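Asks: Below is one structure. I have some questions about it.
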2 protein chains.
Amino acid sequence: MDHAAALDLSLDAAALTARLVDFPSVSGTEGPLADAIERALRDLPHLTVDRHGNNVVARTNLGRAERVVLAGHIDTVPIADNVPSRLDDDGVLWGCGTSDMKSGVAVQLRIAATVPEPNRDLTFVFYDNEEVSADLNGLGHVAKAHPDWLAGDFAVLLEPSDGEVEGGCQGTLRVILRVQGERAHSARSWMGSNAIHAAAPILARLASYEPRRPVIDGLQYHEGLNAVRIGGGVANNVIPDECTVTVNYRYAPDRTEHEAIAHVLEVFEGCGVTEVTIDDHSGGALPGLSHPAAAAFMEAVGGRARPKFGWTDVSRFAALGVPAVNYGPGDPLYAHKRDEHVAVARIHQCEERLRAWLTA
Amino acid sequence: MDHAAALDLSLDAAALTARLVDFPSVSGTEGPLADAIERALRDLPHLTVDRHGNNVVARTNLGRAERVVLAGHIDTVPIADNVPSRLDDDGVLWGCGTSDMKSGVAVQLRIAATVPEPNRDLTFVFYDNEEVSADLNGLGHVAKAHPDWLAGDFAVLLEPSDGEVEGGCQGTLRVILRVQGERAHSARSWMGSNAIHAAAPILARLASYEPRRPVIDGLQYHEGLNAVRIGGGVANNVIPDECTVTVNYRYAPDRTEHEAIAHVLEVFEGCGVTEVTIDDHSGGALPGLSHPAAAAFMEAVGGRARPKFGWTDVSRFAALGVPAVNYGPGDPLYAHKRDEHVAVARIHQCEERLRAWLTA
């Protein structure tokens with residue numbers, strides 16, 4: 001199959017989604033699809049195109065007052081007997097990536113091809129390795145190597161959000177709390193010091209913790225501080241000398257990474273923790289809905305924005321000072337599932353609303 | 001080597017210990033040693049001898065007012081480059097089983113051979129598989145198949161106790177407490193219910209628990225209620241739906257097994273435990289030092305008895321209604337170790353004191 005020819009940007013967004021689904025691009029194998037996207041975009045005279053690895057960035061250069069970034073990842077999770085795509089009689093397109101997020105990528109490509117003179121300058125970002133470990137993430141690589149390519153006043157990530165706007169995202173901090181004891185035979189327990197018992201104040205603190213629910217840009221976030229793992233024990237007849245509690249703090253984007261760490265340390269102060277290890281940390285992202293470009297976007301797409309509780313790549317834009325939201329046609333509930341699908345009407349709606357916003 | 005000849009009961013107890021050490025009998029391979037012991041005992045006209053598997057029981061039948069049981073296991077832990085035995089210039093015998101407990105077995109054999117008319121009828125028990133799992137234990141097998149073979153007024157287990165009397169033993173009960181929650185993504189923790197947090201009251205109860213230290217027959221026992229294991233967690237971003245705490249209750253022998261279970265259930269009442277599993281349970285043994293045979297024994301061996309905190313086979317005698325103590329020449333600190341050893345003087349002292357008690 002001539003893959004380059006397959007990316008005919010004159011197709012409608014649903015047909016283009018089907019073509020993209022039939023062009024497998026499981027994480028790590030995005031090269032041919034990135035080639036095809038690059039070639040199709042280079043055919044468009046109103047765009048300049050850059051490439052870094054298998055990441056393709058295209059933009060208009062019209063000297064508009066504002067610049068908007070439309071971004072999406074081109075990889076999928078492994079195929080689960082659900083390729084090629086299949087359009088059913090109810091207007092639903094089935095297949096790996098229909099929701100997460102080749103329908104979003106199709107919308108990006110359609111806007112790129114059909115809106116040569118947008119009211120805001122546009123940057124289109126197509127990146128790889130979103131479905132695998134964070135250090136491979138193409139958006140992260142571009143942000144590090146060419147942060148200027150991602151510059152803008154506002155960004156829309158076309159991740160599946162069921163046609164609703166999800167603003168910003170909460171940060172996630174994972175720490176391992178270690179409590180130390182001293183081993184002894186359990187028949188002579190008083191000769192040792194039980195590390196599991198010593199973890200009692202940590203669990204009590206967690207059980208009574210009251211999470212914040214701050215309102216930011218009109219969105220109510222909802223924090224959480226939770227033990228996700230606990231472990232301790234040497235043998236059935238030994239007083240354990242160590243107990244570890246892994247705690248996950250999900251925090252609203254009005255807190256910085258530094259503040260999040262300070263908060264967790266404060267919560268467990270006086271709990272007898274002998275060692276704190278930061279296991280993983282990704283900051284949150286402010287929704288930025290008060291920005292004029294975002295306000296115009298909300299007006300064009302309609303509805304009310306929802307807060308995003310999970311961590312997403314919008315946070316990478318936030319780190320560059322670009323407020324960002326998730327808005328895409330896919331249904332997140334079916335992402336990564338064998339029965340992944342998307343409603344064709346949703347794809348068209350998403351495309352139309354973005355076009356309305358960018359051409360009003 | 002002619003093993004049968006090796007068991008020359010006219011040797012002194014230290015030399016006999018050395019012969020027994022040089023006759024390997026790691027758990028599961030006791031057959032030849034049991035054969036040799038049986039043969040040696042059958043040569044003694046004042047004893048009747050029975051055998052069950054690799055367990056040998058011999059007894060006098062003099063119609064005395066009291067019967068005393070002297071018991072010991074003939075197996076050892078695996079050899080650790082410490083056989084054959086070696087006698088050093090300081091009168092210390094080194095090798096696998098010197099302490100635990102071929103020195104004790106040698107003393108039993110010497111008493112069997114040299115005290116044909118004891119003041120109390122004697123039963124000698126030599127059993128296998130003490131160093132492995134409880135269901136293989138030879139004393140347990142004899143107790144089940146021929147409880148009458150173990151009948152008596154008092155029993156002495158010649159386990160290493162460094163020449164001191166250790167009375168009775170504490171019971172040990174292990175239960176698994178399970179707490180149930182409900183899974184959710186940790187970014188939306190309020191959609192679930194955290195089972196690790198729900199275990200907080202269990203740990204608080206354990207941390208504040210005040211163990212009993214009852215005095216029984218003049219011996220002060222010391223209980224303990226301890227978490228020996230804790231576990232919970234599904235993934236780093238999932239609210240866990242289960243947490244289990246394994247608790248070990250070591251209890252003084254004035255409590256029955258039934259009372260021990262009832263106590264543990266009472267301690268954790270109201271802690272939100274959704275399931276309690278009894279993982280392991282062995283009752284304690286009363287020291288029985290108020291029995292006349294025991295009192296005479298204490299007088300003969302001298303010193304003060306100590307309470308036994310760990311669980312031992314004396315409990316099997318207790319279950320048959322026979323009070324029992326541990327009293328042997330080995331040093332328990334060196335049991336199961338590469339540098340296992342026993343002082344020759346201790347072996348002779350143990351033998352002499354038992355002889356004094358049984359011939360006074």
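Labeling convention for the structure tokens: chains A, B, ... as they appear, residues from 1 per chain, ligands from 1 in order of appearance.
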Mind running chain A against chain B at 7 Å and telling me each contacting residue's nearest atom pair with the distance in Å (one decimal), counting only C-alpha atoms, chain and number ascending, as a Markdown table?

Replies:
```
| residue | atom | partner | partner_atom | distance |
| --- | --- | --- | --- | --- |
| A:Ala187 | CA | B:Gly310 | CA | 5.0 |
| A:Arg188 | CA | B:Phe309 | CA | 6.7 |
| A:Ser189 | CA | B:Gly224 | CA | 6.2 |
| A:Ile196 | CA | B:Ala227 | CA | 6.4 |
| A:His197 | CA | B:Ala207 | CA | 5.0 |
| A:Ala198 | CA | B:Ala207 | CA | 7.0 |
| A:Ala200 | CA | B:Leu203 | CA | 4.9 |
| A:Leu203 | CA | B:Ala200 | CA | 4.9 |
| A:Ala204 | CA | B:Ala200 | CA | 5.3 |
| A:Leu206 | CA | B:His197 | CA | 6.2 |
| A:Ala207 | CA | B:His197 | CA | 5.0 |
| A:Gly224 | CA | B:Ser189 | CA | 6.2 |
| A:Ala227 | CA | B:Ile196 | CA | 6.5 |
| A:Val228 | CA | B:Gly233 | CA | 5.3 |
| A:Arg229 | CA | B:Gly233 | CA | 4.1 |
| A:Ile230 | CA | B:Gly232 | CA | 5.2 |
| A:Gly231 | CA | B:Gly231 | CA | 4.8 |
| A:Gly232 | CA | B:Ile230 | CA | 5.2 |
| A:Gly233 | CA | B:Arg229 | CA | 4.1 |
| A:Ala235 | CA | B:Val228 | CA | 6.8 |
| A:Asn236 | CA | B:Val228 | CA | 5.7 |
| A:Asn237 | CA | B:Val228 | CA | 6.8 |
| A:Val238 | CA | B:Val228 | CA | 6.2 |
| A:Ile239 | CA | B:Val228 | CA | 5.7 |
| A:Pro240 | CA | B:Val228 | CA | 6.0 |
| A:Arg250 | CA | B:Ala187 | CA | 6.1 |
| A:Phe309 | CA | B:Ala187 | CA | 5.6 |
| A:Gly310 | CA | B:Ala187 | CA | 5.1 |
```

Asks: Sort by chain and increasing residue number a table of all residues of stretch 194-311 of chain A within 12 Å of stretch 117-137 of chain A, each with its closest pair of atoms and their distance in Å to one decimal, counting only C-alpha atoms, and write it as a tab-separated table.

Replies:
```
residue	atom	partner	partner_atom	distance
A:Asp280	CA	A:Ala134	CA	10.8
A:His281	CA	A:Ala134	CA	11.0
A:Ser282	CA	A:Ala134	CA	9.9
A:Pro292	CA	A:Arg120	CA	11.7
A:Ala293	CA	A:Arg120	CA	8.8
A:Ala294	CA	A:Arg120	CA	11.9
A:Ala296	CA	A:Arg120	CA	11.1
A:Phe297	CA	A:Arg120	CA	11.3
A:Trp311	CA	A:Ala134	CA	11.6
```

Asks: Please indicate the distance in Å from atom CA of B:Leu41 to atom CA of B:Trp149, rounded to one decimal place.

Replies: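 That distance, rounded to one decimal, is 15.8 Å.
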
Asks: Between A:Asp254, A:Thr274, A:Glu164, A:Tyr221, which one has atoms that come closest to A:Gly302, using only C-alpha atoms?

Replies: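 Looking at the shortest contact to A:Gly302, the residue is A:Glu164.
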
Asks: Please identify the strand (DSSP E) residues within stretch 23-108 of chain A (assignment by DSSP from backbone atoms) and present them as a PyMOL selection string.

Replies: chain A and resi 48-52+55-59+67-73+86-87+92-94

Asks: I need the residues from that last selection saved to file as a JSON list (two decimals), in the first residue's frame (with C-alpha atoms), if you can.

Replies:
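Printed below is selection.json as written:
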```
[["chain", "number", "residue", "atom", "x", "y", "z"],
["A", 48, "THR", "CA", 6.14, 25.55, 7.34],
["A", 49, "VAL", "CA", 7.07, 22.09, 8.53],
["A", 50, "ASP", "CA", 9.73, 20.93, 11.01],
["A", 51, "ARG", "CA", 10.62, 17.45, 12.15],
["A", 52, "HIS", "CA", 12.42, 16.10, 15.23],
["A", 55, "ASN", "CA", 7.61, 14.29, 15.70],
["A", 56, "VAL", "CA", 6.23, 16.66, 13.08],
["A", 57, "VAL", "CA", 5.44, 20.31, 13.75],
["A", 58, "ALA", "CA", 3.74, 22.56, 11.17],
["A", 59, "ARG", "CA", 2.66, 26.16, 11.50],
["A", 67, "ARG", "CA", -0.98, 31.69, 18.30],
["A", 68, "VAL", "CA", -2.85, 28.48, 19.13],
["A", 69, "VAL", "CA", -1.31, 25.01, 19.29],
["A", 70, "LEU", "CA", -3.30, 21.92, 18.26],
["A", 71, "ALA", "CA", -1.48, 18.82, 19.43],
["A", 72, "GLY", "CA", -1.98, 15.06, 19.28],
["A", 73, "HIS", "CA", -0.02, 11.86, 19.55],
["A", 86, "ARG", "CA", -14.94, -1.00, 10.60],
["A", 87, "LEU", "CA", -17.77, 1.48, 10.11],
["A", 92, "VAL", "CA", -19.79, 4.28, 14.62],
["A", 93, "LEU", "CA", -16.20, 3.65, 13.59],
["A", 94, "TRP", "CA", -14.48, 0.75, 15.41]]
```

Asks: Set the distance at 9 Å and use only C-alpha atoms: which residues neighbour B:Ala345 once local chain neighbours fewer than 6 positions away are removed? I'd like the list as a short mmCIF file (atom, residue, chain, number, x, y, z; two decimals) with all heavy atoms, in the first residue's frame.

Replies:
```cif
data_model
loop_
_atom_site.label_atom_id
_atom_site.label_comp_id
_atom_site.auth_asym_id
_atom_site.auth_seq_id
_atom_site.Cartn_x
_atom_site.Cartn_y
_atom_site.Cartn_z
N ALA B 14 29.92 -37.89 76.54
CA ALA B 14 30.56 -37.00 75.57
C ALA B 14 31.05 -37.78 74.36
O ALA B 14 30.85 -37.37 73.21
CB ALA B 14 31.70 -36.23 76.22
N GLY B 91 37.97 -28.83 75.88
CA GLY B 91 36.85 -29.68 76.29
C GLY B 91 35.54 -29.27 75.64
O GLY B 91 34.47 -29.45 76.24
N VAL B 92 35.62 -28.71 74.44
CA VAL B 92 34.41 -28.33 73.71
C VAL B 92 34.30 -29.24 72.48
O VAL B 92 35.27 -29.41 71.75
CB VAL B 92 34.45 -26.85 73.29
CG1 VAL B 92 33.24 -26.51 72.41
CG2 VAL B 92 34.48 -25.96 74.53
N PRO B 329 21.83 -30.22 77.74
CA PRO B 329 23.18 -29.68 77.89
C PRO B 329 23.57 -28.65 76.83
O PRO B 329 24.48 -27.86 77.04
CB PRO B 329 24.07 -30.93 77.78
CG PRO B 329 23.27 -31.92 77.01
CD PRO B 329 21.83 -31.64 77.33
#
```

Asks: Among the residues of stretch 184-284 of chain B, find those DSSP assigns to alpha helix (DSSP H) from the backbone and print them as a list in words.

Replies: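 Here is the list: Ala195, Ile196, His197, Ala198, Ala200, Pro201, Ile202, Leu203, Ala204, Arg205, Leu206, Ala207, Ser208, Glu257, His258, Glu259, Ala260, Ile261, Ala262, His263, Val264, Leu265, Glu266 and Val267 of chain B.
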